[in-house]
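K.L.:
Quick one: structure below, then a few questions.
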Amino acid sequence: MTPTATLTRLDLNLASRAVRRDLADRIQLHKTLMRLAPETSSRHPRRDAGLLFRLETDRDEPSLLIQTTQPPRLDGLPASYGTAQTSALTPLLGALKPGMPVRYRITAAPVRNLPGPCYGQRPDGTLLRRRGTPTALHGPDASLWWQRRAAAAGLVVDDATLTPRPFERSPRSAYPRGLHHHLVQIDGHARVTDARLLAEAVCRGIGRAQSYGAGLLSLAPA
């Protein structure tokens, strides 16, 4: 069975104090959008709800694309936060076929773990290293990162345009100091190689920083 999800476009009301606060702080925006998810005692509520989002700034007014595995609890948002339109992704995901050309967009956090210090050696001579520090990738390195992640998700990339996106963070936030992600929006054309893998990747999200506006892969027939 093809996995599926619900996609909501939320046109934001910039007159709302809550909206202006959230646009200035990705961590607070995450907290607000988690109110769309069902109440749960799970240790991983965002992952269990399949909550992914992306801030869209192509139009005159910013909007949010929000993806969930179940219809979102829109009444959980602050009053006058925005106007929502919700639709199922089932038709799109069910129509994916190998060889199908698509347009795509994703905001991602391309990173690579640099090798950590050596702390030992296996009997075969392989060095044992501590886990390295995640390091943000830029330019061609970020493009190669995306090509590899796309291939693992059932897509072969034909072209990609990378646009840096800010990671807004309020200095007054009570959340972990120093938390920051390098975000980049990637747009382009690709071809489907594995429809099942691709549908799963769309519903699961790709890469890091999914709590903060990365990982949501949007597709449309080319």
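Ordering of the structure tokens sets the chain letters (A, B, ...); residue numbers start at 1 within each chain; ligands are numbered from 1 in the order shown.
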Find the residues around A:Asp25 up to 8 Å (only C-alpha atoms counted), leave out those fewer than 3 positions away in its own chain, and share them as JSON, numbers by chain.
P.N.:
{"A": [21, 22, 28, 29, 167, 168, 169, 170, 173]}
K.L.:
Write out as a ChimeraX atom specification all residues of stretch 25-209 of chain A that backbone DSSP assigns to alpha helix (DSSP H).
P.N.:
/A:26-33,45-49,90-94,139-152,195-204
K.L.:
Quick one: everything within 7 Å of stretch 102-109 of chain A, counting only C-alpha atoms, minus sequence neighbours fewer than 5 positions away in the same chain. Send it as a count of residues only.
P.N.:
24
K.L.:
Just how far from atom CA of A:Leu89 is atom CA of A:Pro71, in Å to one decimal?
P.N.:
11.2 Å
K.L.:
Quick one: residues within 9 Å of A:Leu52, only C-alpha atoms, excluding same-chain residues fewer than 5 positions away - as a ChimeraX atom specification?
P.N.:
/A:46-47,65-68,203-205,210-216
K.L.:
Would you please work out which residue, of A:Leu155, A:Leu10, A:Ala18, A:Ala160, is nearest to A:Ala199 when using only C-alpha atoms?
P.N.:
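Residue with the minimum atom-to-atom distance to A:Ala199: A:Leu155.
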K.L.:
With only C-alpha atoms as the basis for distance, which of A:Thr69, A:Thr2, A:Ser143, A:Thr193 is at the shortest distance from A:Gly94?
P.N.:
A:Thr2
K.L.:
Please provide as JSON, numbers by chain all residues within 7 Å of A:Lys97, with the sequence filter that same-chain residues fewer than 2 positions apart are discarded (counting only C-alpha atoms).
P.N.:
{"A": [95, 99, 100, 192, 195]}
K.L.:
Of the candidates A:Pro78, A:Gly50, A:Pro98, A:Gly120, which one gets nearest to A:Thr4 if we count only C-alpha atoms?
P.N.:
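Nearest candidate to A:Thr4 out of A:Pro78, A:Gly50, A:Pro98, A:Gly120: A:Gly50.
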K.L.:
Separation of atom CA of A:Thr8 and atom CA of A:Ser87, in Å?
P.N.:
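According to the coordinates, atom CA of A:Thr8 and atom CA of A:Ser87 are separated by 6.4 Å.
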K.L.:
Show me, as a JSON list (two decimals) with N, CA and C atoms, in the first residue's frame, the residues that have an atom within 10 Å of A:Gly82 when counting only C-alpha atoms, minus same-chain residues fewer than 5 positions from it.
P.N.:
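This is the output file around_36.json:
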[["chain", "number", "residue", "atom", "x", "y", "z"],
["A", 9, "ARG", "N", -1.81, 24.17, 3.09],
["A", 9, "ARG", "CA", -1.21, 25.48, 2.83],
["A", 9, "ARG", "C", -1.86, 26.48, 3.78],
["A", 10, "LEU", "N", -1.02, 27.14, 4.56],
["A", 10, "LEU", "CA", -1.50, 28.10, 5.55],
["A", 10, "LEU", "C", -1.01, 29.49, 5.14],
["A", 11, "ASP", "N", -1.95, 30.31, 4.63],
["A", 11, "ASP", "CA", -1.63, 31.70, 4.30],
["A", 11, "ASP", "C", -1.63, 32.50, 5.59],
["A", 12, "LEU", "N", -0.47, 33.03, 5.94],
["A", 12, "LEU", "CA", -0.28, 33.64, 7.25],
["A", 12, "LEU", "C", -0.86, 35.04, 7.33],
["A", 13, "ASN", "N", -1.38, 35.35, 8.49],
["A", 13, "ASN", "CA", -1.92, 36.68, 8.77],
["A", 13, "ASN", "C", -0.83, 37.50, 9.46],
["A", 14, "LEU", "N", -0.18, 38.39, 8.70],
["A", 14, "LEU", "CA", 0.94, 39.13, 9.26],
["A", 14, "LEU", "C", 0.52, 40.15, 10.30],
["A", 15, "ALA", "N", -0.78, 40.40, 10.41],
["A", 15, "ALA", "CA", -1.26, 41.28, 11.47],
["A", 15, "ALA", "C", -1.28, 40.57, 12.82],
["A", 16, "SER", "N", -1.14, 39.24, 12.81],
["A", 16, "SER", "CA", -1.16, 38.46, 14.05],
["A", 16, "SER", "C", 0.19, 38.58, 14.77],
["A", 19, "VAL", "N", 2.01, 35.23, 14.67],
["A", 19, "VAL", "CA", 2.68, 34.95, 13.39],
["A", 19, "VAL", "C", 4.01, 35.69, 13.33],
["A", 63, "SER", "N", 3.75, 32.08, 3.32],
["A", 63, "SER", "CA", 2.81, 31.01, 3.68],
["A", 63, "SER", "C", 3.60, 29.82, 4.18],
["A", 64, "LEU", "N", 2.89, 28.90, 4.82],
["A", 64, "LEU", "CA", 3.50, 27.67, 5.31],
["A", 64, "LEU", "C", 2.88, 26.48, 4.59],
["A", 74, "LEU", "N", -6.43, 22.06, 13.13],
["A", 74, "LEU", "CA", -6.27, 23.48, 12.85],
["A", 74, "LEU", "C", -6.80, 24.37, 13.97],
["A", 77, "LEU", "N", -4.26, 26.09, 16.47],
["A", 77, "LEU", "CA", -3.45, 27.26, 16.18],
["A", 77, "LEU", "C", -3.98, 28.49, 16.92]]
K.L.:
Pick out the closest residue to A:Leu92 from this set: A:Ala152, A:Asn113, A:Thr133, A:Val202. Count only C-alpha atoms.
P.N.:
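Once distances to A:Leu92 are computed over only C-alpha atoms, the minimum belongs to A:Val202.
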K.L.:
What does the distance between atom CA of A:Thr83 and atom CA of A:Thr40 come to in Å, to one decimal place?
P.N.:
25.8 Å
K.L.:
Can you pull out every residue within 9 Å of A:Asp48, counting only C-alpha atoms, but drop anything in the same chain fewer than 4 positions away, and send it as an mmCIF file with all heavy atoms, in the first residue's frame?
P.N.:
data_model
loop_
_atom_site.group_PDB
_atom_site.id
_atom_site.type_symbol
_atom_site.label_atom_id
_atom_site.label_comp_id
_atom_site.auth_asym_id
_atom_site.auth_seq_id
_atom_site.Cartn_x
_atom_site.Cartn_y
_atom_site.Cartn_z
ATOM 1 N N ALA A 37 -0.655 18.592 15.881
ATOM 2 C CA ALA A 37 -0.526 17.140 16.030
ATOM 3 C C ALA A 37 -1.438 16.631 17.139
ATOM 4 O O ALA A 37 -1.765 17.360 18.076
ATOM 5 C CB ALA A 37 0.921 16.779 16.331
ATOM 6 N N SER A 42 3.948 10.041 23.463
ATOM 7 C CA SER A 42 5.128 9.542 22.761
ATOM 8 C C SER A 42 6.344 10.422 23.030
ATOM 9 O O SER A 42 6.229 11.642 23.214
ATOM 10 C CB SER A 42 4.849 9.495 21.254
ATOM 11 O OG SER A 42 6.040 9.257 20.531
ATOM 12 N N HIS A 44 8.460 10.886 20.736
ATOM 13 C CA HIS A 44 8.765 11.463 19.427
ATOM 14 C C HIS A 44 7.469 11.943 18.762
ATOM 15 O O HIS A 44 7.067 11.428 17.715
ATOM 16 C CB HIS A 44 9.459 10.424 18.547
ATOM 17 C CG HIS A 44 10.665 9.798 19.179
ATOM 18 N ND1 HIS A 44 11.866 10.469 19.317
ATOM 19 C CD2 HIS A 44 10.843 8.565 19.739
ATOM 20 C CE1 HIS A 44 12.733 9.675 19.923
ATOM 21 N NE2 HIS A 44 12.152 8.528 20.186
ATOM 22 N N THR A 69 0.608 13.128 8.750
ATOM 23 C CA THR A 69 0.091 11.831 8.326
ATOM 24 C C THR A 69 -1.411 11.732 8.535
ATOM 25 O O THR A 69 -2.055 10.847 7.981
ATOM 26 C CB THR A 69 0.790 10.688 9.085
ATOM 27 O OG1 THR A 69 0.720 10.948 10.495
ATOM 28 C CG2 THR A 69 2.250 10.580 8.669
#
K.L.:
Once DSSP has gone over the backbone, tell me which residues of stretch 14-178 of chain A are in strand (DSSP E or B), as a PDB file with N, CA and C atoms, in the first residue's frame.
P.N.:
ATOM      1  N   LEU A  52       5.898  17.841   9.017  1.00  0.00           N
ATOM      2  CA  LEU A  52       6.956  18.524   8.280  1.00  0.00           C
ATOM      3  C   LEU A  52       6.396  19.860   7.829  1.00  0.00           C
ATOM      4  N   PHE A  53       7.268  20.852   7.687  1.00  0.00           N
ATOM      5  CA  PHE A  53       6.772  22.125   7.174  1.00  0.00           C
ATOM      6  C   PHE A  53       7.861  22.852   6.405  1.00  0.00           C
ATOM      7  N   ARG A  54       7.414  23.799   5.574  1.00  0.00           N
ATOM      8  CA  ARG A  54       8.349  24.636   4.818  1.00  0.00           C
ATOM      9  C   ARG A  54       7.755  26.028   4.692  1.00  0.00           C
ATOM     10  N   LEU A  55       8.556  27.029   4.957  1.00  0.00           N
ATOM     11  CA  LEU A  55       8.136  28.413   4.789  1.00  0.00           C
ATOM     12  C   LEU A  55       8.324  28.806   3.331  1.00  0.00           C
ATOM     13  N   GLU A  56       7.244  29.269   2.703  1.00  0.00           N
ATOM     14  CA  GLU A  56       7.257  29.681   1.301  1.00  0.00           C
ATOM     15  C   GLU A  56       7.221  31.203   1.225  1.00  0.00           C
ATOM     16  N   SER A  63       3.745  32.078   3.323  1.00  0.00           N
ATOM     17  CA  SER A  63       2.809  31.014   3.684  1.00  0.00           C
ATOM     18  C   SER A  63       3.604  29.819   4.181  1.00  0.00           C
ATOM     19  N   LEU A  64       2.893  28.900   4.821  1.00  0.00           N
ATOM     20  CA  LEU A  64       3.502  27.668   5.308  1.00  0.00           C
ATOM     21  C   LEU A  64       2.881  26.483   4.589  1.00  0.00           C
ATOM     22  N   LEU A  65       3.717  25.563   4.117  1.00  0.00           N
ATOM     23  CA  LEU A  65       3.252  24.256   3.697  1.00  0.00           C
ATOM     24  C   LEU A  65       3.495  23.308   4.861  1.00  0.00           C
ATOM     25  N   ILE A  66       2.446  22.630   5.286  1.00  0.00           N
ATOM     26  CA  ILE A  66       2.515  21.763   6.459  1.00  0.00           C
ATOM     27  C   ILE A  66       2.012  20.382   6.074  1.00  0.00           C
ATOM     28  N   GLN A  67       2.823  19.376   6.336  1.00  0.00           N
ATOM     29  CA  GLN A  67       2.461  17.996   5.993  1.00  0.00           C
ATOM     30  C   GLN A  67       2.314  17.169   7.262  1.00  0.00           C
ATOM     31  N   THR A  68       1.255  16.385   7.334  1.00  0.00           N
ATOM     32  CA  THR A  68       1.003  15.505   8.475  1.00  0.00           C
ATOM     33  C   THR A  68       0.452  14.185   7.966  1.00  0.00           C
ATOM     34  N   GLY A  82      -4.054  32.394  10.451  1.00  0.00           N
ATOM     35  CA  GLY A  82      -3.995  32.334   8.995  1.00  0.00           C
ATOM     36  C   GLY A  82      -5.181  31.588   8.427  1.00  0.00           C
ATOM     37  N   THR A  83      -5.180  31.468   7.094  1.00  0.00           N
ATOM     38  CA  THR A  83      -6.246  30.774   6.372  1.00  0.00           C
ATOM     39  C   THR A  83      -5.682  29.501   5.769  1.00  0.00           C
ATOM     40  N   ALA A  84      -6.341  28.378   6.038  1.00  0.00           N
ATOM     41  CA  ALA A  84      -5.795  27.069   5.661  1.00  0.00           C
ATOM     42  C   ALA A  84      -6.597  26.418   4.546  1.00  0.00           C
ATOM     43  N   GLN A  85      -5.872  25.729   3.660  1.00  0.00           N
ATOM     44  CA  GLN A  85      -6.468  24.855   2.643  1.00  0.00           C
ATOM     45  C   GLN A  85      -5.764  23.511   2.749  1.00  0.00           C
ATOM     46  N   THR A  86      -6.535  22.451   2.946  1.00  0.00           N
ATOM     47  CA  THR A  86      -5.974  21.119   3.185  1.00  0.00           C
ATOM     48  C   THR A  86      -6.388  20.159   2.082  1.00  0.00           C
ATOM     49  N   SER A  87      -5.440  19.319   1.652  1.00  0.00           N
ATOM     50  CA  SER A  87      -5.728  18.319   0.623  1.00  0.00           C
ATOM     51  C   SER A  87      -4.916  17.062   0.902  1.00  0.00           C
ATOM     52  N   ALA A  88      -5.381  15.938   0.376  1.00  0.00           N
ATOM     53  CA  ALA A  88      -4.685  14.658   0.545  1.00  0.00           C
ATOM     54  C   ALA A  88      -3.619  14.495  -0.537  1.00  0.00           C
ATOM     55  N   PRO A 101       8.830  12.194 -15.233  1.00  0.00           N
ATOM     56  CA  PRO A 101       9.539  13.443 -14.938  1.00  0.00           C
ATOM     57  C   PRO A 101       8.740  14.288 -13.946  1.00  0.00           C
ATOM     58  N   VAL A 102       9.427  14.909 -13.013  1.00  0.00           N
ATOM     59  CA  VAL A 102       8.768  15.722 -11.993  1.00  0.00           C
ATOM     60  C   VAL A 102       9.562  16.997 -11.752  1.00  0.00           C
ATOM     61  N   ARG A 103       8.867  18.008 -11.263  1.00  0.00           N
ATOM     62  CA  ARG A 103       9.495  19.180 -10.663  1.00  0.00           C
ATOM     63  C   ARG A 103       9.506  18.971  -9.152  1.00  0.00           C
ATOM     64  N   TYR A 104      10.514  19.467  -8.487  1.00  0.00           N
ATOM     65  CA  TYR A 104      10.608  19.252  -7.046  1.00  0.00           C
ATOM     66  C   TYR A 104      11.060  20.524  -6.342  1.00  0.00           C
ATOM     67  N   ARG A 105      10.763  20.568  -5.052  1.00  0.00           N
ATOM     68  CA  ARG A 105      11.299  21.606  -4.161  1.00  0.00           C
ATOM     69  C   ARG A 105      11.469  20.991  -2.783  1.00  0.00           C
ATOM     70  N   ILE A 106      12.570  21.327  -2.148  1.00  0.00           N
ATOM     71  CA  ILE A 106      12.810  20.905  -0.777  1.00  0.00           C
ATOM     72  C   ILE A 106      13.688  21.947  -0.108  1.00  0.00           C
ATOM     73  N   THR A 107      13.400  22.272   1.132  1.00  0.00           N
ATOM     74  CA  THR A 107      14.355  23.005   1.961  1.00  0.00           C
ATOM     75  C   THR A 107      15.060  21.966   2.817  1.00  0.00           C
ATOM     76  N   ALA A 108      16.377  21.968   2.745  1.00  0.00           N
ATOM     77  CA  ALA A 108      17.155  20.911   3.395  1.00  0.00           C
ATOM     78  C   ALA A 108      18.265  21.526   4.233  1.00  0.00           C
ATOM     79  N   VAL A 111      24.501  18.363   5.505  1.00  0.00           N
ATOM     80  CA  VAL A 111      25.612  18.278   6.451  1.00  0.00           C
ATOM     81  C   VAL A 111      26.436  17.024   6.169  1.00  0.00           C
ATOM     82  N   ARG A 112      27.652  17.051   6.673  1.00  0.00           N
ATOM     83  CA  ARG A 112      28.526  15.882   6.629  1.00  0.00           C
ATOM     84  C   ARG A 112      29.226  15.779   7.971  1.00  0.00           C
ATOM     85  N   ASN A 113      29.327  14.563   8.502  1.00  0.00           N
ATOM     86  CA  ASN A 113      30.052  14.352   9.755  1.00  0.00           C
ATOM     87  C   ASN A 113      31.544  14.218   9.461  1.00  0.00           C
ATOM     88  N   CYS A 118      40.735   9.398  16.620  1.00  0.00           N
ATOM     89  CA  CYS A 118      40.912   7.948  16.732  1.00  0.00           C
ATOM     90  C   CYS A 118      41.033   7.554  18.209  1.00  0.00           C
ATOM     91  N   TYR A 119      40.374   6.457  18.594  1.00  0.00           N
ATOM     92  CA  TYR A 119      40.477   6.003  19.973  1.00  0.00           C
ATOM     93  C   TYR A 119      40.821   4.516  20.075  1.00  0.00           C
ATOM     94  N   GLY A 120      41.156   3.890  18.940  1.00  0.00           N
ATOM     95  CA  GLY A 120      41.514   2.482  18.982  1.00  0.00           C
ATOM     96  C   GLY A 120      41.615   1.891  17.588  1.00  0.00           C
ATOM     97  N   GLN A 121      41.748   0.572  17.557  1.00  0.00           N
ATOM     98  CA  GLN A 121      41.932  -0.123  16.285  1.00  0.00           C
ATOM     99  C   GLN A 121      41.304  -1.505  16.367  1.00  0.00           C
ATOM    100  N   LEU A 127      40.783   1.696  11.857  1.00  0.00           N
ATOM    101  CA  LEU A 127      40.812   2.621  12.977  1.00  0.00           C
ATOM    102  C   LEU A 127      39.405   2.851  13.518  1.00  0.00           C
ATOM    103  N   LEU A 128      39.301   2.949  14.818  1.00  0.00           N
ATOM    104  CA  LEU A 128      38.044   3.296  15.474  1.00  0.00           C
ATOM    105  C   LEU A 128      38.063   4.786  15.784  1.00  0.00           C
ATOM    106  N   ARG A 129      37.050   5.503  15.309  1.00  0.00           N
ATOM    107  CA  ARG A 129      37.004   6.948  15.508  1.00  0.00           C
ATOM    108  C   ARG A 129      35.728   7.351  16.231  1.00  0.00           C
ATOM    109  N   PRO A 134      28.904  17.340  12.977  1.00  0.00           N
ATOM    110  CA  PRO A 134      28.182  17.673  11.743  1.00  0.00           C
ATOM    111  C   PRO A 134      28.634  19.038  11.220  1.00  0.00           C
ATOM    112  N   THR A 135      28.979  19.089   9.943  1.00  0.00           N
ATOM    113  CA  THR A 135      29.466  20.314   9.323  1.00  0.00           C
ATOM    114  C   THR A 135      28.603  20.653   8.121  1.00  0.00           C
ATOM    115  N   ALA A 136      28.129  21.903   8.056  1.00  0.00           N
ATOM    116  CA  ALA A 136      27.252  22.328   6.964  1.00  0.00           C
ATOM    117  C   ALA A 136      27.996  22.294   5.636  1.00  0.00           C
ATOM    118  N   LEU A 155      14.791   9.067  -6.704  1.00  0.00           N
ATOM    119  CA  LEU A 155      14.812  10.148  -7.693  1.00  0.00           C
ATOM    120  C   LEU A 155      16.202  10.263  -8.298  1.00  0.00           C
ATOM    121  N   VAL A 156      16.278  10.525  -9.591  1.00  0.00           N
ATOM    122  CA  VAL A 156      17.542  10.907 -10.199  1.00  0.00           C
ATOM    123  C   VAL A 156      17.407  12.371 -10.606  1.00  0.00           C
ATOM    124  N   VAL A 157      18.317  13.194 -10.111  1.00  0.00           N
ATOM    125  CA  VAL A 157      18.232  14.642 -10.296  1.00  0.00           C
ATOM    126  C   VAL A 157      18.762  15.038 -11.665  1.00  0.00           C
ATOM    127  N   ASP A 158      17.967  15.821 -12.391  1.00  0.00           N
ATOM    128  CA  ASP A 158      18.416  16.361 -13.680  1.00  0.00           C
ATOM    129  C   ASP A 158      19.078  17.721 -13.513  1.00  0.00           C
ATOM    130  N   ASP A 159      18.538  18.564 -12.650  1.00  0.00           N
ATOM    131  CA  ASP A 159      19.138  19.868 -12.371  1.00  0.00           C
ATOM    132  C   ASP A 159      18.699  20.326 -10.990  1.00  0.00           C
ATOM    133  N   ALA A 160      19.457  21.258 -10.440  1.00  0.00           N
ATOM    134  CA  ALA A 160      19.164  21.738  -9.092  1.00  0.00           C
ATOM    135  C   ALA A 160      19.635  23.176  -8.950  1.00  0.00           C
ATOM    136  N   THR A 161      18.772  24.020  -8.412  1.00  0.00           N
ATOM    137  CA  THR A 161      19.119  25.400  -8.077  1.00  0.00           C
ATOM    138  C   THR A 161      19.054  25.551  -6.564  1.00  0.00           C
ATOM    139  N   LEU A 162      20.146  25.982  -5.958  1.00  0.00           N
ATOM    140  CA  LEU A 162      20.241  26.080  -4.506  1.00  0.00           C
ATOM    141  C   LEU A 162      20.147  27.544  -4.080  1.00  0.00           C
ATOM    142  N   THR A 163      19.265  27.814  -3.132  1.00  0.00           N
ATOM    143  CA  THR A 163      19.070  29.162  -2.612  1.00  0.00           C
ATOM    144  C   THR A 163      19.169  29.129  -1.091  1.00  0.00           C
ATOM    145  N   PRO A 164      20.136  29.819  -0.501  1.00  0.00           N
ATOM    146  CA  PRO A 164      20.236  29.830   0.967  1.00  0.00           C
ATOM    147  C   PRO A 164      18.971  30.409   1.599  1.00  0.00           C
ATOM    148  N   ARG A 165      18.556  29.811   2.703  1.00  0.00           N
ATOM    149  CA  ARG A 165      17.406  30.289   3.462  1.00  0.00           C
ATOM    150  C   ARG A 165      17.831  30.539   4.904  1.00  0.00           C
TER     151      ARG A 165
END
